[in-house]
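Have a look at coords.cif; it's mmCIF, C-alpha atoms:
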data_upload
#
loop_
_atom_site.label_atom_id
_atom_site.label_comp_id
_atom_site.auth_asym_id
_atom_site.auth_seq_id
_atom_site.Cartn_x
_atom_site.Cartn_y
_atom_site.Cartn_z
CA MET A 8 0.00 0.00 0.00
CA ALA A 9 1.17 3.48 -0.87
CA SER A 10 2.33 5.73 1.96
CA LEU A 11 1.08 9.30 2.34
CA LYS A 12 4.36 10.51 0.91
CA GLU A 13 3.96 8.39 -2.21
CA LEU A 14 0.30 9.36 -2.52
CA SER A 15 1.22 13.05 -2.37
CA LYS A 16 3.22 12.64 -5.58
CA ARG A 17 0.17 11.44 -7.50
CA THR A 18 -2.14 13.69 -9.49
CA GLU A 19 -5.14 14.95 -7.54
CA GLY A 20 -8.41 13.54 -8.85
CA LEU A 21 -10.59 16.18 -7.23
CA VAL A 22 -9.16 19.70 -7.18
CA GLY A 23 -10.07 22.81 -5.20
CA GLY A 24 -12.60 25.40 -6.25
CA HIS A 25 -15.58 23.11 -5.81
CA ARG A 26 -18.45 24.48 -3.75
CA ALA A 27 -18.87 21.88 -1.03
CA CYS A 28 -19.49 23.30 2.44
CA ALA A 29 -16.37 24.06 4.46
CA GLY A 30 -15.41 20.89 6.32
CA CYS A 31 -17.27 18.50 3.97
CA ALA A 32 -16.19 14.89 4.50
CA ALA A 33 -17.54 13.61 1.20
CA SER A 34 -15.13 15.73 -0.84
CA THR A 35 -12.26 14.50 1.36
CA ALA A 36 -13.40 10.92 0.82
CA ILE A 37 -13.58 11.33 -2.97
CA ARG A 38 -10.11 12.93 -3.01
CA GLN A 39 -8.70 10.02 -1.01
CA ILE A 40 -10.43 7.46 -3.25
CA LEU A 41 -9.14 9.04 -6.46
CA LEU A 42 -5.63 9.29 -5.00
CA ALA A 43 -5.84 5.59 -4.14
CA ALA A 44 -6.99 4.84 -7.69
CA GLY A 45 -3.63 6.22 -8.79
CA ASP A 46 -2.58 7.65 -12.11
CA LYS A 47 -4.11 4.84 -14.18
CA PRO A 48 -6.81 5.95 -16.63
CA THR A 49 -9.97 6.23 -14.56
CA VAL A 50 -13.54 6.78 -15.66
CA THR A 51 -16.02 7.82 -13.04
CA GLY A 52 -19.72 8.45 -12.88
CA ILE A 53 -21.78 10.17 -10.25
CA CYS A 54 -25.46 10.32 -9.57
CA THR A 55 -27.33 13.44 -8.52
CA GLY A 56 -26.46 14.47 -5.01
CA CYS A 57 -24.34 16.84 -2.97
CA MET A 58 -21.09 15.99 -4.67
CA GLU A 59 -22.52 16.20 -8.17
CA VAL A 60 -24.07 19.58 -7.46
CA VAL A 61 -21.02 21.15 -5.82
CA THR A 62 -18.33 19.82 -8.16
CA THR A 63 -19.91 20.21 -11.59
CA ILE A 64 -21.52 23.66 -11.77
CA PHE A 65 -21.20 24.49 -15.47
CA PRO A 66 -18.72 25.55 -16.84
CA TYR A 67 -16.68 24.46 -13.84
CA THR A 68 -15.72 20.93 -12.90
CA ALA A 69 -13.53 19.96 -9.98
CA TRP A 70 -12.82 16.53 -11.46
CA ASN A 71 -9.44 15.79 -12.94
CA VAL A 72 -10.67 12.43 -14.24
CA ASN A 73 -13.41 11.64 -16.75
CA LEU A 74 -16.79 12.05 -15.14
CA VAL A 75 -20.28 11.32 -16.39
CA HIS A 76 -23.32 12.57 -14.57
CA ASN A 77 -26.55 10.99 -15.67
CA ALA A 78 -29.48 11.03 -13.27
CA PHE A 79 -30.34 10.26 -9.68
CA GLU A 80 -31.07 6.56 -9.99
CA ASN A 81 -28.55 5.30 -12.49
CA SER A 82 -24.95 5.95 -11.52
CA ALA A 83 -24.37 2.17 -11.37
CA ALA A 84 -26.26 1.56 -14.64
CA THR A 85 -24.33 4.27 -16.50
CA VAL A 86 -20.90 3.18 -15.31
CA SER A 87 -21.66 -0.51 -15.86
CA GLY A 88 -22.72 0.37 -19.43
CA MET A 89 -19.43 2.14 -20.02
CA GLU A 90 -17.58 -0.84 -18.61
CA ALA A 91 -19.45 -3.18 -20.97
CA ALA A 92 -18.64 -0.92 -23.96
CA TYR A 93 -14.99 -0.84 -22.88
CA ARG A 94 -14.84 -4.64 -22.75
CA ALA A 95 -16.44 -4.91 -26.21
CA LEU A 96 -13.94 -2.43 -27.71
CA LYS A 97 -11.11 -4.25 -26.02
CA ARG A 98 -12.24 -7.58 -27.44
CA LYS A 99 -12.25 -6.05 -30.94
CA GLY A 100 -8.75 -4.68 -30.39
CA LYS A 101 -9.85 -1.05 -30.67
CA ILE A 102 -8.63 -0.04 -27.25
CA ASP A 103 -5.44 -0.97 -25.43
CA ALA A 104 -5.45 0.97 -22.20
CA GLU A 105 -6.28 -0.61 -18.85
CA ILE A 106 -9.16 1.52 -17.62
CA GLN A 107 -10.71 1.37 -14.18
CA PHE A 108 -14.30 2.33 -13.49
CA ILE A 109 -15.63 3.99 -10.35
CA ALA A 110 -19.24 4.99 -9.72
CA PHE A 111 -20.16 7.39 -6.94
CA GLY A 112 -23.48 7.94 -5.26
CA GLY A 113 -24.78 9.54 -2.13
CA ASP A 114 -26.91 7.64 0.32
CA GLY A 115 -30.09 8.94 -1.32
CA GLY A 116 -28.88 7.79 -4.73
CA THR A 117 -27.68 4.45 -3.38
CA TYR A 118 -29.82 3.32 -0.43
CA ASP A 119 -33.06 4.60 -1.94
CA ILE A 120 -33.26 5.76 -5.53
CA GLY A 121 -30.42 3.87 -7.21
CA LEU A 122 -30.67 0.59 -5.32
CA GLN A 123 -32.13 -1.44 -8.18
CA SER A 124 -29.57 -0.24 -10.74
CA LEU A 125 -26.75 -0.99 -8.27
CA SER A 126 -28.21 -4.43 -7.58
CA GLY A 127 -28.40 -5.09 -11.31
CA ALA A 128 -24.85 -3.92 -11.98
CA ILE A 129 -23.46 -6.20 -9.27
CA GLU A 130 -25.53 -9.14 -10.46
CA ARG A 131 -24.17 -8.68 -14.01
CA ARG A 132 -20.64 -8.83 -12.54
CA HIS A 133 -19.27 -5.66 -14.12
CA LYS A 134 -15.71 -4.98 -13.06
CA MET A 135 -16.33 -1.66 -11.37
CA LEU A 136 -16.17 -0.08 -7.96
CA TYR A 137 -19.27 1.55 -6.54
CA VAL A 138 -18.68 4.03 -3.72
CA CYS A 139 -21.55 5.27 -1.61
CA TYR A 140 -20.67 8.40 0.38
CA ASP A 141 -23.19 8.06 3.15
CA ASN A 142 -24.04 11.32 4.90
CA GLU A 143 -27.23 9.78 6.24
CA ALA A 144 -29.88 12.04 4.69
CA TYR A 145 -30.74 14.05 1.57
CA MET A 146 -28.35 16.82 2.57
CA ASN A 147 -28.24 18.55 -0.81
CA THR A 148 -31.95 19.44 -0.84
CA GLY A 149 -32.19 20.41 2.82
CA TYR A 150 -31.67 17.45 5.17
CA GLN A 151 -34.65 15.20 4.44
CA ARG A 152 -34.64 11.70 5.89
CA SER A 153 -33.38 8.81 3.76
CA SER A 154 -33.31 5.12 4.51
CA ALA A 155 -29.71 5.65 5.68
CA THR A 156 -30.79 8.09 8.40
CA PRO A 157 -30.30 6.47 11.80
CA TYR A 158 -33.07 5.95 14.34
CA CYS A 159 -34.01 9.11 16.29
CA ALA A 160 -32.07 11.52 14.07
CA HIS A 161 -33.74 14.88 13.55
CA THR A 162 -34.24 15.79 9.88
CA THR A 163 -36.59 18.28 8.23
CA THR A 164 -38.99 15.48 7.28
CA SER A 165 -38.65 13.65 10.61
CA PRO A 166 -38.49 16.56 13.06
CA ALA A 167 -37.98 15.65 16.69
CA GLY A 168 -40.89 16.83 18.80
CA THR A 169 -43.66 15.55 21.01
CA LYS A 170 -45.06 13.09 18.44
CA ILE A 171 -41.87 11.46 17.12
CA PRO A 172 -38.33 11.33 18.53
CA GLY A 173 -36.72 12.17 15.18
CA LYS A 174 -36.77 9.44 12.54
CA PRO A 175 -39.02 6.73 13.96
CA GLN A 176 -37.56 3.91 11.84
CA LYS A 177 -34.20 2.18 11.99
CA ARG A 178 -31.63 2.54 9.24
CA LYS A 179 -31.29 -0.22 6.70
CA ASP A 180 -27.99 -2.03 6.43
CA LEU A 181 -26.99 -1.49 2.81
CA THR A 182 -23.56 -3.12 3.07
CA GLU A 183 -25.25 -6.36 4.12
CA ILE A 184 -27.70 -6.08 1.21
CA ILE A 185 -24.74 -5.77 -1.15
CA ILE A 186 -22.88 -8.65 0.52
CA ALA A 187 -25.97 -10.78 -0.14
CA HIS A 188 -25.21 -10.26 -3.86
CA GLU A 189 -21.79 -11.86 -3.27
CA PRO A 190 -19.72 -9.18 -5.03
CA ALA A 191 -15.96 -9.55 -5.51
CA TYR A 192 -15.36 -7.17 -2.62
CA ALA A 193 -17.47 -5.14 -0.20
CA ALA A 194 -16.45 -2.91 2.69
CA GLN A 195 -17.41 -0.13 5.04
CA ALA A 196 -15.01 2.73 5.65
CA THR A 197 -14.83 6.37 6.66
CA PRO A 198 -12.37 9.15 5.69
CA GLY A 199 -11.20 9.63 9.30
CA TYR A 200 -9.39 6.31 8.87
CA TYR A 201 -7.92 7.31 5.52
CA MET A 202 -5.26 4.59 5.30
CA ASP A 203 -7.97 2.00 5.79
CA LEU A 204 -10.10 3.64 3.09
CA ILE A 205 -7.17 3.87 0.66
CA ARG A 206 -6.24 0.23 1.24
CA LYS A 207 -9.84 -0.80 0.63
CA VAL A 208 -10.02 1.14 -2.64
CA GLU A 209 -6.81 -0.53 -3.84
CA LYS A 210 -8.23 -3.93 -2.90
CA ALA A 211 -11.58 -3.19 -4.53
CA LEU A 212 -10.03 -2.03 -7.79
CA ALA A 213 -7.78 -5.10 -7.89
CA ALA A 214 -10.73 -7.46 -7.32
CA ASP A 215 -11.96 -9.27 -10.40
CA GLY A 216 -15.59 -8.21 -10.45
CA PRO A 217 -17.97 -5.74 -8.88
CA SER A 218 -16.94 -4.13 -5.64
CA PHE A 219 -18.67 -1.82 -3.23
CA ILE A 220 -17.47 0.52 -0.48
CA ASN A 221 -19.85 2.31 1.86
CA VAL A 222 -18.13 5.44 3.21
CA LEU A 223 -19.62 7.26 6.19
CA SER A 224 -19.23 10.98 5.44
CA PRO A 225 -20.09 13.36 8.28
CA CYS A 226 -22.02 16.43 7.08
CA VAL A 227 -21.44 19.75 8.87
CA PRO A 228 -24.82 21.46 8.31
CA GLY A 229 -26.92 18.30 8.29
CA TRP A 230 -25.49 16.70 11.42
CA GLY A 231 -24.90 20.02 13.14
CA TYR A 232 -21.41 19.96 14.61
CA PRO A 233 -18.50 22.46 14.59
CA LEU A 234 -16.96 22.41 11.13
CA ASP A 235 -13.42 21.55 12.24
CA GLN A 236 -14.63 18.34 13.95
CA THR A 237 -15.35 16.37 10.75
CA MET A 238 -12.49 13.88 11.12
CA ASN A 239 -13.06 13.50 14.87
CA ILE A 240 -16.74 12.67 14.30
CA SER A 241 -15.73 10.24 11.60
CA LYS A 242 -13.31 8.49 13.99
CA LEU A 243 -15.82 8.57 16.86
CA ALA A 244 -18.36 6.75 14.69
CA VAL A 245 -15.89 3.86 14.54
CA GLU A 246 -14.73 4.05 18.16
CA THR A 247 -18.31 3.97 19.47
CA LEU A 248 -19.18 1.04 17.15
CA PHE A 249 -21.82 3.19 15.44
CA TRP A 250 -20.09 2.55 12.10
CA PRO A 251 -17.98 -0.62 12.25
CA ILE A 252 -15.37 -0.66 9.51
CA TYR A 253 -15.09 -4.10 8.04
CA GLU A 254 -14.66 -5.85 4.74
CA TRP A 255 -16.05 -8.90 3.01
CA GLN A 256 -14.23 -10.95 0.42
CA ASP A 257 -14.52 -14.57 -0.75
CA GLY A 258 -17.29 -15.22 1.75
CA LYS A 259 -15.24 -14.03 4.72
CA TYR A 260 -15.84 -11.09 7.01
CA LYS A 261 -12.95 -9.17 8.48
CA ILE A 262 -13.45 -6.39 11.02
CA ASN A 263 -10.59 -3.95 10.40
CA ILE A 264 -10.76 -2.02 13.64
CA LYS A 265 -11.92 -3.53 16.90
CA PRO A 266 -11.77 -0.86 19.60
CA ARG A 267 -10.36 -2.45 22.76
CA GLU A 268 -12.68 -0.39 24.91
CA PRO A 269 -15.52 0.96 22.78
CA LYS A 270 -16.60 4.45 23.77
CA PRO A 271 -20.24 4.95 24.81
CA LEU A 272 -22.46 5.90 21.89
CA VAL A 273 -23.41 9.16 23.60
CA ASP A 274 -19.86 10.47 22.95
CA PHE A 275 -20.70 10.36 19.26
CA LEU A 276 -24.28 11.66 19.59
CA LYS A 277 -23.67 14.59 21.93
CA LEU A 278 -21.56 16.48 19.38
CA GLN A 279 -24.40 16.57 16.86
CA ALA A 280 -27.43 18.86 16.78
CA ARG A 281 -29.52 16.18 15.03
CA PHE A 282 -29.35 14.08 18.23
CA ARG A 283 -29.51 16.99 20.71
CA HIS A 284 -33.07 16.14 21.84
CA LEU A 285 -31.89 12.72 23.05
CA LEU A 286 -29.91 14.34 25.84
CA LYS A 287 -32.98 16.07 27.30
CA PRO A 288 -34.44 14.58 30.48
CA GLY A 289 -37.12 12.01 29.73
CA ASN A 290 -35.33 10.63 26.66
CA GLU A 291 -32.92 8.32 28.50
CA HIS A 292 -34.82 5.28 27.24
CA LEU A 293 -34.12 6.31 23.63
CA LEU A 294 -30.39 6.57 24.33
CA GLU A 295 -30.46 3.12 25.90
CA GLU A 296 -32.38 1.77 22.92
CA LEU A 297 -29.84 3.24 20.49
CA GLN A 298 -26.91 1.86 22.49
CA ALA A 299 -28.55 -1.58 22.66
CA GLU A 300 -29.10 -1.55 18.89
CA VAL A 301 -25.44 -0.62 18.23
CA ASN A 302 -24.28 -3.37 20.62
CA ARG A 303 -26.58 -5.93 19.01
CA ARG A 304 -25.33 -5.13 15.50
CA TRP A 305 -21.70 -5.28 16.67
CA GLU A 306 -22.35 -8.65 18.32
CA VAL A 307 -23.91 -9.99 15.10
CA LEU A 308 -20.93 -8.73 13.10
CA LEU A 309 -18.45 -10.37 15.49
CA ARG A 310 -20.35 -13.64 15.15
CA LYS A 311 -20.37 -13.37 11.38
CA GLU A 312 -16.61 -12.85 11.39
CA GLN A 313 -16.17 -15.84 13.65
CA ALA A 314 -18.51 -18.05 11.63
CA THR A 315 -16.92 -17.25 8.26
CA ASN A 316 -13.31 -17.55 9.43
CA GLY A 317 -13.69 -20.64 11.61
CA MET B 24 -10.84 25.16 -25.73
CA SER B 25 -14.14 26.65 -26.69
CA MET B 26 -15.27 27.42 -23.16
CA LYS B 27 -15.64 30.97 -21.86
CA PHE B 28 -15.14 31.66 -18.19
CA ASP B 29 -15.08 35.45 -18.04
CA ARG B 30 -18.77 35.87 -18.95
CA PRO B 31 -21.82 33.62 -19.44
CA MET B 32 -21.77 31.87 -22.82
CA ASN B 33 -24.65 32.44 -25.22
CA TRP B 34 -26.46 29.46 -26.70
CA LYS B 35 -24.38 29.40 -29.86
CA GLU B 36 -21.16 29.20 -27.87
CA LEU B 37 -22.27 26.41 -25.53
CA PRO B 38 -20.53 23.12 -26.24
CA ALA B 39 -22.83 20.38 -27.56
CA GLY B 40 -24.54 18.66 -24.64
CA CYS B 41 -22.85 21.15 -22.29
CA LEU B 42 -19.93 18.76 -22.25
CA ILE B 43 -17.01 20.26 -20.34
CA ASP B 44 -14.04 19.36 -22.55
CA GLU B 45 -11.37 20.39 -20.07
CA ALA B 46 -10.52 18.84 -16.69
CA ALA B 47 -10.36 20.68 -13.38
CA THR B 48 -11.81 23.98 -14.59
CA SER B 49 -12.96 24.76 -11.05
CA LEU B 50 -9.42 25.95 -10.34
CA ARG B 51 -10.60 29.18 -12.00
CA PHE B 52 -13.23 29.55 -9.28
CA LYS B 53 -11.64 30.80 -6.08
CA THR B 54 -13.42 29.77 -2.90
CA GLY B 55 -10.91 31.42 -0.57
CA ASP B 56 -13.24 34.36 0.09
CA TRP B 57 -15.66 32.06 1.96
CA ARG B 58 -13.18 31.90 4.80
CA SER B 59 -13.86 33.49 8.18
CA MET B 60 -10.97 31.73 9.93
CA ARG B 61 -7.51 31.56 8.40
CA PRO B 62 -5.09 28.70 9.04
CA ILE B 63 -1.54 29.90 9.68
CA TRP B 64 1.14 27.32 9.06
CA ASP B 65 4.40 27.37 10.99
CA ALA B 66 7.08 25.80 8.80
CA GLU B 67 9.46 25.46 11.75
CA LYS B 68 7.09 23.31 13.77
CA CYS B 69 5.83 21.18 10.86
CA ILE B 70 6.87 17.52 10.95
CA HIS B 71 5.55 16.84 7.42
CA CYS B 72 3.26 14.00 8.48
CA LEU B 73 0.81 15.11 5.73
CA PHE B 74 -2.25 14.38 7.88
CA CYS B 75 -3.61 17.84 6.99
CA TRP B 76 -3.03 17.21 3.32
CA ILE B 77 -4.88 13.88 3.19
CA THR B 78 -7.88 15.21 5.15
CA CYS B 79 -8.25 18.61 3.44
CA PRO B 80 -11.60 18.73 1.59
CA ASP B 81 -10.44 21.52 -0.72
CA THR B 82 -7.01 20.28 -1.84
CA ALA B 83 -5.65 23.48 -0.30
CA ILE B 84 -2.51 22.04 1.32
CA THR B 85 0.38 22.26 -1.09
CA VAL B 86 2.95 19.48 -1.00
CA GLN B 87 6.15 19.08 -2.97
CA ASP B 88 8.40 16.01 -2.91
CA GLY B 89 6.57 14.61 0.09
CA LYS B 90 6.95 17.79 2.15
CA MET B 91 4.29 20.32 3.01
CA THR B 92 5.05 23.71 1.46
CA GLY B 93 2.09 25.82 2.49
CA ILE B 94 -1.62 26.54 2.32
CA ASP B 95 -3.34 27.65 -0.85
CA TYR B 96 -5.55 30.53 0.31
CA ASP B 97 -7.23 30.69 -3.10
CA TYR B 98 -9.21 27.55 -2.24
CA CYS B 99 -9.01 27.13 1.56
CA LYS B 100 -12.48 27.64 3.05
CA GLY B 101 -11.12 27.84 6.59
CA CYS B 102 -12.85 24.77 8.00
CA GLY B 103 -9.96 24.10 10.41
CA ILE B 104 -9.79 20.33 9.91
CA CYS B 105 -6.02 20.74 9.36
CA ALA B 106 -5.51 22.52 12.69
CA VAL B 107 -7.46 19.81 14.54
CA ILE B 108 -5.75 16.85 12.83
CA CYS B 109 -2.23 18.32 13.25
CA PRO B 110 -0.49 16.10 15.85
CA PRO B 111 -0.43 17.84 19.27
CA LYS B 112 3.36 17.48 19.53
CA ALA B 113 3.72 19.56 16.35
CA SER B 114 0.62 21.81 16.37
CA ALA B 115 1.98 23.68 13.40
CA ILE B 116 -1.34 25.16 12.24
CA ASP B 117 -3.19 27.91 14.11
CA MET B 118 -6.58 29.30 13.18
CA VAL B 119 -6.90 33.10 13.35
CA ARG B 120 -9.87 35.31 12.57
CA GLU B 121 -9.82 36.66 9.03
CA GLU B 122 -9.34 40.45 8.93
CA LYS B 123 -11.21 42.65 6.46
#
Please express the file's structure as structure tokens.
Amino acid sequence: MASLKELSKRTEGLVGGHRACAGCAASTAIRQILLAAGDKPTVTGICTGCMEVVTTIFPYTAWNVNLVHNAFENSAATVSGMEAAYRALKRKGKIDAEIQFIAFGGDGGTYDIGLQSLSGAIERRHKMLYVCYDNEAYMNTGYQRSSATPYCAHTTTSPAGTKIPGKPQKRKDLTEIIIAHEPAYAAQATPGYYMDLIRKVEKALAADGPSFINVLSPCVPGWGYPLDQTMNISKLAVETLFWPIYEWQDGKYKINIKPREPKPLVDFLKLQARFRHLLKPGNEHLLEELQAEVNRRWEVLLRKEQATNG
Amino acid sequence: MSMKFDRPMNWKELPAGCLIDEAATSLRFKTGDWRSMRPIWDAEKCIHCLFCWITCPDTAITVQDGKMTGIDYDYCKGCGICAVICPPKASAIDMVREEK
């Protein structure tokens, strides 16, 4: 794996001048991913979402690689189509270069709107990497809930009040849905642990088949935390077991970071305005419920790791 | 390059399909004036760990031959991630309020 020093000599894939909010984790994640992809010819696609809107305001583009934007639901379909065309041209001897394909999508475009096209692309075994930058709501249009929004989070369409405690439903586990497709590689990561993310991108691009990485990307205005805390929040999500970073390959789970003494979930929640109501008196049961859910999911993941490596 | 950046293009000048035929044109768009806090880098204290560079959302940390050389104020939005991630034993980046 490349060291930071070696990475710094590569060409940046995402340059400055884009209009993401100050402290945006998704733009950091995309930078890190494109650095990990290296200087090989890379074709990317992105679906509608924060990163599409802030990086490609005509006539400006922050991308230093080829980028296609199509629509909200079909980042995976578009990139898989390009990959199929590339393979056909290669077979006919019309193209020599080794090209790698990366599709990006936000959690709205992946968990909700683009799920069927992603499912199809993985089932057809296109050799491409799909990256979901998961900021846990429709941040671009004003913080509406998505199916990635965690239980009890305040959003504009699930406002915390006397009737509901924020989003009343639990989040769906997309990484597990993708693992059920048996791709060549699947993982969860977050830009706070950048070496882990970079290693996963290298592994995913080397895998012979479809690969998927779900990247938790803290969002300053949507989550409501001080803008310099992005990387700390990202690390806290892992240290409190809220966002376990693990990978799946050849039927085996591997948890990449197992905190020796996991921090209480409240350490992660208390920094964010979207969970502020949980700290008010009378909501202790919700905190306990959230902690129990995180513990249960961690326990299940540990057992899966044990069962597949035994 | 057929693109115009100094003024809005009229419909005859727009490239077919609004295809941007040049990479990284956003470098012409300076986001430095968004900043309310300015990171000040102390070259003496810097240990060149590059943590600030890898976590900068705006590619505003300049690096040459594996060593940090400064902060690009044309693009830095002043989020302060660099000052927070800078190892405490170095603490080479300070955030100061931007003057008018």
message = Env of Phe74 in chain B: 7 Å cut, atoms = all atoms listed in the file, seq-sep filter 3 positions within chain, self excluded. Answer as a ChimeraX atom specification.
response = /B:77-78,108-109
Would you write out those residues with C-alpha atoms, as a PDB file, keeping the file's coordinate frame?
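Output file out.pdb is given in full below:
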ATOM      1  CA  ILE B  77      -4.880  13.880   3.190  1.00  0.00           C
ATOM      2  CA  THR B  78      -7.880  15.210   5.150  1.00  0.00           C
ATOM      3  CA  ILE B 108      -5.750  16.850  12.830  1.00  0.00           C
ATOM      4  CA  CYS B 109      -2.230  18.320  13.250  1.00  0.00           C
TER       5      CYS B 109
END
Enumerate, as a PDB file with C-alpha atoms, in the coordinates of the input, the residues matched when the PyMOL selection byres ((chain B) within 6 of (chain A)) is run on the file above.
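Everything below was put into part-v3.pdb:
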ATOM      1  CA  ALA B  46     -10.520  18.840 -16.690  1.00  0.00           C
ATOM      2  CA  ALA B  47     -10.360  20.680 -13.380  1.00  0.00           C
ATOM      3  CA  THR B  48     -11.810  23.980 -14.590  1.00  0.00           C
ATOM      4  CA  SER B  49     -12.960  24.760 -11.050  1.00  0.00           C
ATOM      5  CA  LEU B  50      -9.420  25.950 -10.340  1.00  0.00           C
ATOM      6  CA  PHE B  52     -13.230  29.550  -9.280  1.00  0.00           C
ATOM      7  CA  LYS B  53     -11.640  30.800  -6.080  1.00  0.00           C
ATOM      8  CA  THR B  54     -13.420  29.770  -2.900  1.00  0.00           C
ATOM      9  CA  THR B  78      -7.880  15.210   5.150  1.00  0.00           C
ATOM     10  CA  PRO B  80     -11.600  18.730   1.590  1.00  0.00           C
ATOM     11  CA  ASP B  81     -10.440  21.520  -0.720  1.00  0.00           C
ATOM     12  CA  THR B  82      -7.010  20.280  -1.840  1.00  0.00           C
ATOM     13  CA  GLY B  89       6.570  14.610   0.090  1.00  0.00           C
ATOM     14  CA  TYR B  98      -9.210  27.550  -2.240  1.00  0.00           C
ATOM     15  CA  LYS B 100     -12.480  27.640   3.050  1.00  0.00           C
ATOM     16  CA  CYS B 102     -12.850  24.770   8.000  1.00  0.00           C
ATOM     17  CA  GLY B 103      -9.960  24.100  10.410  1.00  0.00           C
ATOM     18  CA  ILE B 104      -9.790  20.330   9.910  1.00  0.00           C
TER      19      ILE B 104
END
inquiry  = Considering only C-alpha atoms, can you say which of A:Asp114, A:Glu189, A:Glu254, A:Glu246 comes closest to Val208 in chain A?
reply    =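 So, comparing all the options, the nearest one is A:Glu254.
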Interatomic distance (Å, one decimal) between CA of Trp255 in chain A and CA of Ala187 in chain A =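 Result for CA of Trp255 in chain A versus CA of Ala187 in chain A: 10.6 Å, one decimal.
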request  = Mind listing whatever residues come within 7 Å of the point (-0.6, 26.6, 1.1)? Use all atoms listed in the file, file coordinates, and give them as an MDAnalysis selection string.
outcome  = chainID B and resid 83:85 92:96
ask   = When you draw a straight line from CA of Pro172 in chain A to CA of Leu276 in chain A, how long is it in Å?
value =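 Value for the CA of Pro172 in chain A-CA of Leu276 in chain A distance: 14.1 Å.
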key: Pairwise distance for CA of Arg304 in chain A and CA of Lys177 in chain A, rounded to one decimal in Å   =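 CA of Arg304 in chain A sits 12.0 Å away from CA of Lys177 in chain A.
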For range 64-68 of chain A, I'd like the enclosing box, axis-aligned and padded by 6 Å on every side, reported as AutoDock Vina command-line options with centre and edge lengths in Å to one decimal.
--center_x -18.6 --center_y 23.2 --center_z -14.3 --size_x 17.8 --size_y 16.6 --size_z 17.1
key: Expected selection from the PyMOL selection byres ((chain A and resi 260-268) around 9), given as a PyMOL selection string   = chain A and resi 203+245-248+251-259+269-270+308-309+311-316
Around (-40.7, 12.3, 8.9), as given in the file, which residues come within 7 Å? Count only C-alpha atoms and list them as a PDB file with C-alpha atoms, in the coordinates of the input.
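As written to disk, point_34.pdb reads:
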ATOM      1  CA  ARG A 152     -34.640  11.700   5.890  1.00  0.00           C
ATOM      2  CA  THR A 164     -38.990  15.480   7.280  1.00  0.00           C
ATOM      3  CA  SER A 165     -38.650  13.650  10.610  1.00  0.00           C
ATOM      4  CA  PRO A 166     -38.490  16.560  13.060  1.00  0.00           C
ATOM      5  CA  LYS A 174     -36.770   9.440  12.540  1.00  0.00           C
TER       6      LYS A 174
END
